[in-house]
Amino acid sequence: MADEKKPEWFDPEKADFFSSIVKPGVTDTGVSSKVNTGKTGRFVKKSSAAKLDPSKLADEIKSGSRTALAKGITLIESNAEQDFHAGQYLLQLLLPDTGSAVRIGITGVPGAGKSTFIESFGTYLCSLGHKVAVLAVDPTSSLTGGSILGDKTRMENLARNPLAFIRPSPSGGKLGGVHRKTRETMLVCEAAGFDVILVETVGVGQSEVIVRNMVDFFMLLVLTGAGDELQGMKKGIMELADAVIVNKADGPNEQIARKTKEEYNRILHFLQPATKGWETVALTCSALHNKGMEEVWHTISNFESCTKESGAFSDRRRSQAKEWLNDMVIDQLQANFFQHPMIKLMLPKVENEVISGSRPVASAVEELFNAYFNSKK
């Protein structure tokens with residue numbers, strides 16, 4: 001081309017060895033100065049995206065938009081201070097459309113097959129026309145603070161079902177293996193039209209009181225030959241369960257699973273029922289071969305009908321709302337205490353005194369609280 005030329009330093013005798021050419025520059029049209037006002041060679045930060053409108057988001061969630069549902073849950077789970085009021089306003093708008101779903105908590109020892117069971121059970125419910133939301137809670141590392149959040153990969157078939165929604169969340173070190181915003185997430189899913197909410201915990205053994213206080217029906221998955229029978233005889237979590245499901249009842253293990261079920265039913269007969277007016281039962285199933293799902297759902301349906309008729313269902317919901325309020329008050333007080341400037345200033349010194357053994361713990365706590373309350377006067 002006529003407007004192209006070789007660099008000034010190229011050797012004319014070896015022109016074929018120089019593929020570089022000098023291109024003419026672009027004429028300044030005056031537009032570039034309006035587009036990029038940043039300094040040359042420096043990264044220019046894009047303007048922040050427009051903030052979510054809670055009113056619009058609430059309407060989209062109610063209409064069944066999965067994208068809006070995911071955005072709403074992210075907003076509620078956010079720890080950013082500026083997102084708190086927007087998230088609470090969103091919940092306020094959604095509250096009239098909540099409360100109609102049956103909330104099911106699922107726990108069990110690691111390896112009991114919780115994810116496989118939820119995929120099989122959720123797929124069965126979807127085949128009946130139910131809309132199923134799975135709130136899967138993954139353990140958070142105490143060292144790095146991270147979580148794998150791989151439940152969607154373990155529930156591949158259910159994740160593709162248009163009637164199902166899977167939301168993994170980190171436990172954040174919360175006792176009981178649930179995310180601190182799981183209750184609020186359940187409400188958002190109910191407003192989106194999901195009539196069955198499955199809450200999968202990380203499986204921490206006998207620390208499931210928190211899960212029990214946020215669901216209607218609490219299910220314990222157990223295995224055969226893993227010492228679960230002895231754990232059951234020691235009560236603990238057994239007193240919290242509305243049903244005990246002996247999983248992996250297939251192949252050579254099927255006969256053993258039936259025997260284990262009978263043993264659990266004998267144990268449960270002597271325990272105080274977790275729900276007034278309902279006798280906890282033990283069942284068998286094979287999540288891998290999709291066996292026993294109909295019986296499990298029939299048990300849950302009977303539980304719902306029985307407890308609604310007796311009033312125990314609504315009593316539990318009211319009790320849970322009160323417990324939720326108390327938990328939030330405690331969390332807020334704790335956050336305010338440790339974020340207070342005076343406490344931040346005093347805490348390192350007081351901690352060192354306690355660690356060195358030069359001061360009793362009770363005395364240190366009293367000083368911190370005195371400083372906190374005196375600063376509020």
# chains A, B, ... in the order shown; residues from 1 in each chain; ligands from 1
$ select_by_dssp --residues "range 214-335 of chain A" --states "helix (DSSP H, G or I)" --output "number ranges by chain"
A: 228-233, 236-240, 251-268, 293-310, 312-335
$ residues_around --residues "range 299-310 of chain A" --least-positions-apart "2" --cutoff "9 Å" --atoms "only C-alpha atoms" --output "VMD selection string"
chain A and resid 102 104 216 to 217 242 to 243 275 to 278 281 294 to 297 312 to 314
$ write_last_selection --atoms "all heavy atoms" --output "compact mmCIF listing (two decimals), in the first residue's frame"
# COMPACT_ATOMS: atom_id res chain seq x y z
N VAL A 102 -43.40 -26.75 52.34
CA VAL A 102 -43.01 -27.64 53.43
C VAL A 102 -41.49 -27.64 53.47
O VAL A 102 -40.81 -27.85 52.46
CB VAL A 102 -43.57 -29.07 53.24
CG1 VAL A 102 -43.17 -29.66 51.89
CG2 VAL A 102 -43.12 -29.98 54.36
N ILE A 104 -38.00 -29.12 54.77
CA ILE A 104 -37.46 -30.41 55.19
C ILE A 104 -35.96 -30.29 55.43
O ILE A 104 -35.21 -29.88 54.53
CB ILE A 104 -37.73 -31.49 54.13
CG1 ILE A 104 -39.23 -31.57 53.82
CG2 ILE A 104 -37.20 -32.85 54.58
CD1 ILE A 104 -39.56 -32.41 52.61
N ASP A 216 -39.77 -27.80 59.12
CA ASP A 216 -40.98 -28.45 59.63
C ASP A 216 -40.72 -29.93 59.91
O ASP A 216 -41.15 -30.45 60.94
CB ASP A 216 -42.11 -28.32 58.60
CG ASP A 216 -42.36 -26.88 58.19
OD1 ASP A 216 -42.44 -26.03 59.09
OD2 ASP A 216 -42.46 -26.61 56.97
N PHE A 217 -40.03 -30.56 58.99
CA PHE A 217 -39.79 -32.01 59.08
C PHE A 217 -38.28 -32.23 59.06
O PHE A 217 -37.58 -31.76 58.16
CB PHE A 217 -40.46 -32.73 57.91
CG PHE A 217 -40.44 -34.23 58.00
CD1 PHE A 217 -41.46 -34.90 58.65
CD2 PHE A 217 -39.41 -34.96 57.43
CE1 PHE A 217 -41.45 -36.29 58.73
CE2 PHE A 217 -39.39 -36.34 57.51
CZ PHE A 217 -40.42 -37.02 58.16
N ASP A 242 -37.76 -36.52 62.92
CA ASP A 242 -39.14 -36.94 62.67
C ASP A 242 -39.18 -38.23 61.87
O ASP A 242 -40.22 -38.90 61.79
CB ASP A 242 -39.90 -35.85 61.92
CG ASP A 242 -40.08 -34.59 62.76
OD1 ASP A 242 -40.58 -34.70 63.89
OD2 ASP A 242 -39.69 -33.50 62.29
N ALA A 243 -38.04 -38.57 61.25
CA ALA A 243 -37.92 -39.82 60.52
C ALA A 243 -36.44 -40.19 60.43
O ALA A 243 -35.59 -39.31 60.27
CB ALA A 243 -38.52 -39.71 59.13
N THR A 275 -41.86 -34.23 67.57
CA THR A 275 -43.02 -33.39 67.27
C THR A 275 -44.23 -33.94 68.01
O THR A 275 -44.51 -35.15 67.95
CB THR A 275 -43.30 -33.36 65.76
OG1 THR A 275 -42.13 -32.91 65.07
CG2 THR A 275 -44.47 -32.43 65.45
N LYS A 276 -44.93 -33.05 68.68
CA LYS A 276 -46.10 -33.46 69.46
C LYS A 276 -47.16 -34.08 68.55
O LYS A 276 -47.53 -33.53 67.51
CB LYS A 276 -46.68 -32.24 70.18
CG LYS A 276 -47.83 -32.55 71.10
CD LYS A 276 -48.33 -31.30 71.80
CE LYS A 276 -49.50 -31.61 72.73
NZ LYS A 276 -50.00 -30.39 73.41
N GLY A 277 -47.62 -35.25 68.94
CA GLY A 277 -48.66 -35.92 68.17
C GLY A 277 -48.15 -36.74 67.00
O GLY A 277 -48.94 -37.30 66.23
N TRP A 278 -46.83 -36.84 66.85
CA TRP A 278 -46.26 -37.61 65.75
C TRP A 278 -45.25 -38.62 66.28
O TRP A 278 -44.39 -38.29 67.09
CB TRP A 278 -45.57 -36.68 64.76
CG TRP A 278 -44.80 -37.39 63.68
CD1 TRP A 278 -43.45 -37.59 63.62
CD2 TRP A 278 -45.35 -37.99 62.51
NE1 TRP A 278 -43.11 -38.27 62.49
CE2 TRP A 278 -44.26 -38.54 61.78
CE3 TRP A 278 -46.63 -38.14 62.00
CZ2 TRP A 278 -44.43 -39.21 60.57
CZ3 TRP A 278 -46.80 -38.80 60.80
CH2 TRP A 278 -45.72 -39.32 60.09
N VAL A 281 -40.61 -42.45 62.86
CA VAL A 281 -40.53 -43.77 62.24
C VAL A 281 -39.19 -43.94 61.52
O VAL A 281 -38.54 -42.96 61.16
CB VAL A 281 -41.68 -43.98 61.22
CG1 VAL A 281 -43.01 -44.00 61.92
CG2 VAL A 281 -41.65 -42.90 60.15
N GLU A 294 -41.07 -42.99 47.29
CA GLU A 294 -42.51 -42.81 47.43
C GLU A 294 -42.94 -42.94 48.89
O GLU A 294 -43.76 -42.17 49.38
CB GLU A 294 -43.25 -43.84 46.57
CG GLU A 294 -44.76 -43.69 46.60
CD GLU A 294 -45.45 -44.69 45.69
OE1 GLU A 294 -44.75 -45.45 45.00
OE2 GLU A 294 -46.70 -44.71 45.68
N GLU A 295 -42.35 -43.91 49.59
CA GLU A 295 -42.68 -44.12 51.00
C GLU A 295 -42.22 -42.95 51.86
O GLU A 295 -42.92 -42.53 52.78
CB GLU A 295 -42.05 -45.43 51.50
CG GLU A 295 -42.48 -45.82 52.90
CD GLU A 295 -41.85 -47.11 53.37
OE1 GLU A 295 -41.01 -47.67 52.63
OE2 GLU A 295 -42.19 -47.57 54.47
N VAL A 296 -41.05 -42.40 51.54
CA VAL A 296 -40.53 -41.24 52.30
C VAL A 296 -41.46 -40.04 52.12
O VAL A 296 -41.83 -39.37 53.10
CB VAL A 296 -39.10 -40.89 51.83
CG1 VAL A 296 -38.64 -39.58 52.48
CG2 VAL A 296 -38.13 -42.01 52.18
N TRP A 297 -41.87 -39.77 50.88
CA TRP A 297 -42.75 -38.62 50.63
C TRP A 297 -44.13 -38.86 51.25
O TRP A 297 -44.75 -37.91 51.76
CB TRP A 297 -42.88 -38.37 49.13
CG TRP A 297 -43.80 -37.23 48.80
CD1 TRP A 297 -44.93 -37.28 48.05
CD2 TRP A 297 -43.65 -35.87 49.21
NE1 TRP A 297 -45.51 -36.04 47.97
CE2 TRP A 297 -44.75 -35.15 48.67
CE3 TRP A 297 -42.72 -35.19 49.99
CZ2 TRP A 297 -44.93 -33.78 48.88
CZ3 TRP A 297 -42.90 -33.82 50.19
CH2 TRP A 297 -43.98 -33.13 49.66
N ALA A 312 -49.90 -28.42 65.67
CA ALA A 312 -48.47 -28.48 66.00
C ALA A 312 -47.62 -27.83 64.91
O ALA A 312 -46.55 -27.28 65.19
CB ALA A 312 -48.05 -29.94 66.18
N PHE A 313 -48.11 -27.89 63.66
CA PHE A 313 -47.37 -27.31 62.53
C PHE A 313 -47.23 -25.80 62.70
O PHE A 313 -46.13 -25.24 62.62
CB PHE A 313 -48.10 -27.63 61.23
CG PHE A 313 -47.30 -27.35 59.98
CD1 PHE A 313 -46.51 -28.33 59.41
CD2 PHE A 313 -47.35 -26.10 59.37
CE1 PHE A 313 -45.78 -28.07 58.25
CE2 PHE A 313 -46.63 -25.83 58.23
CZ PHE A 313 -45.84 -26.82 57.66
N SER A 314 -48.36 -25.13 62.94
CA SER A 314 -48.33 -23.67 63.10
C SER A 314 -47.64 -23.26 64.40
O SER A 314 -46.97 -22.22 64.46
CB SER A 314 -49.76 -23.10 63.06
OG SER A 314 -50.57 -23.72 64.04
$ atom_distance --atom1 "CA of Asn161 in chain A" --atom2 "CA of Leu223 in chain A"
28.0 Å
$ closest_residue --among "A:Gly193, A:Gly292, A:Pro252, A:Pro360" --to "Ala101 in chain A" --atoms "only C-alpha atoms"
A:Gly193
$ residues_around --residues "Lys259 in chain A" --least-positions-apart "2" --cutoff "12 Å" --atoms "only C-alpha atoms" --output "VMD selection string"
chain A and resid 223 to 225 229 246 249 253 to 257 261 to 266 282 to 284
$ write_last_selection --atoms "N, CA and C atoms" --output "tab-separated table (two decimals), in the first residue's frame"
chain	number	residue	atom	x	y	z
A	223	LEU	N	-26.55	-45.18	58.08
A	223	LEU	CA	-26.03	-46.32	57.34
A	223	LEU	C	-26.08	-47.57	58.21
A	224	THR	N	-25.89	-48.71	57.61
A	224	THR	CA	-25.80	-49.96	58.36
A	224	THR	C	-24.33	-50.27	58.62
A	225	GLY	N	-24.06	-50.83	59.78
A	225	GLY	CA	-22.71	-51.27	60.09
A	225	GLY	C	-21.71	-50.17	60.29
A	229	GLU	N	-26.27	-47.40	65.03
A	229	GLU	CA	-27.23	-47.96	65.98
A	229	GLU	C	-26.86	-47.57	67.40
A	246	VAL	N	-32.78	-45.26	56.65
A	246	VAL	CA	-31.63	-46.14	56.48
A	246	VAL	C	-31.35	-46.22	54.98
A	249	ALA	N	-30.03	-49.26	51.01
A	249	ALA	CA	-30.69	-50.57	51.20
A	249	ALA	C	-30.84	-51.24	49.84
A	253	ASN	N	-26.73	-55.55	50.91
A	253	ASN	CA	-26.97	-54.74	52.11
A	253	ASN	C	-28.46	-54.57	52.42
A	254	GLU	N	-29.33	-55.00	51.52
A	254	GLU	CA	-30.76	-54.73	51.69
A	254	GLU	C	-31.33	-55.42	52.93
A	255	GLN	N	-30.97	-56.68	53.14
A	255	GLN	CA	-31.49	-57.42	54.28
A	255	GLN	C	-30.98	-56.83	55.59
A	256	ILE	N	-29.71	-56.42	55.61
A	256	ILE	CA	-29.13	-55.80	56.80
A	256	ILE	C	-29.82	-54.47	57.10
A	257	ALA	N	-30.14	-53.72	56.03
A	257	ALA	CA	-30.81	-52.42	56.19
A	257	ALA	C	-32.20	-52.60	56.81
A	261	LYS	N	-33.47	-51.05	60.30
A	261	LYS	CA	-34.71	-50.28	60.42
A	261	LYS	C	-35.54	-50.77	61.60
A	262	GLU	N	-35.65	-52.05	61.75
A	262	GLU	CA	-36.42	-52.62	62.87
A	262	GLU	C	-35.79	-52.25	64.21
A	263	GLU	N	-34.46	-52.26	64.25
A	263	GLU	CA	-33.77	-51.89	65.49
A	263	GLU	C	-34.04	-50.43	65.84
A	264	TYR	N	-34.01	-49.56	64.82
A	264	TYR	CA	-34.28	-48.14	65.06
A	264	TYR	C	-35.72	-47.93	65.53
A	265	ASN	N	-36.65	-48.64	64.94
A	265	ASN	CA	-38.05	-48.49	65.35
A	265	ASN	C	-38.25	-48.90	66.81
A	266	ARG	N	-37.51	-49.91	67.25
A	266	ARG	CA	-37.59	-50.31	68.66
A	266	ARG	C	-37.01	-49.24	69.56
A	282	ALA	N	-38.80	-45.19	61.33
A	282	ALA	CA	-37.60	-45.52	60.57
A	282	ALA	C	-38.01	-46.18	59.26
A	283	LEU	N	-37.35	-45.79	58.17
A	283	LEU	CA	-37.65	-46.31	56.84
A	283	LEU	C	-36.36	-46.73	56.16
A	284	THR	N	-36.49	-47.50	55.10
A	284	THR	CA	-35.32	-47.86	54.28
A	284	THR	C	-35.48	-47.29	52.88
$ residues_around --residues "Gln88 in chain A" --least-positions-apart "5" --cutoff "9 Å" --atoms "only C-alpha atoms" --output "PyMOL selection string"
chain A and resi 76+83+93
$ closest_residue --among "A:Arg160, A:Ala364, A:Arg103, A:Ala335" --to "Leu347 in chain A" --atoms "only C-alpha atoms"
A:Ala364
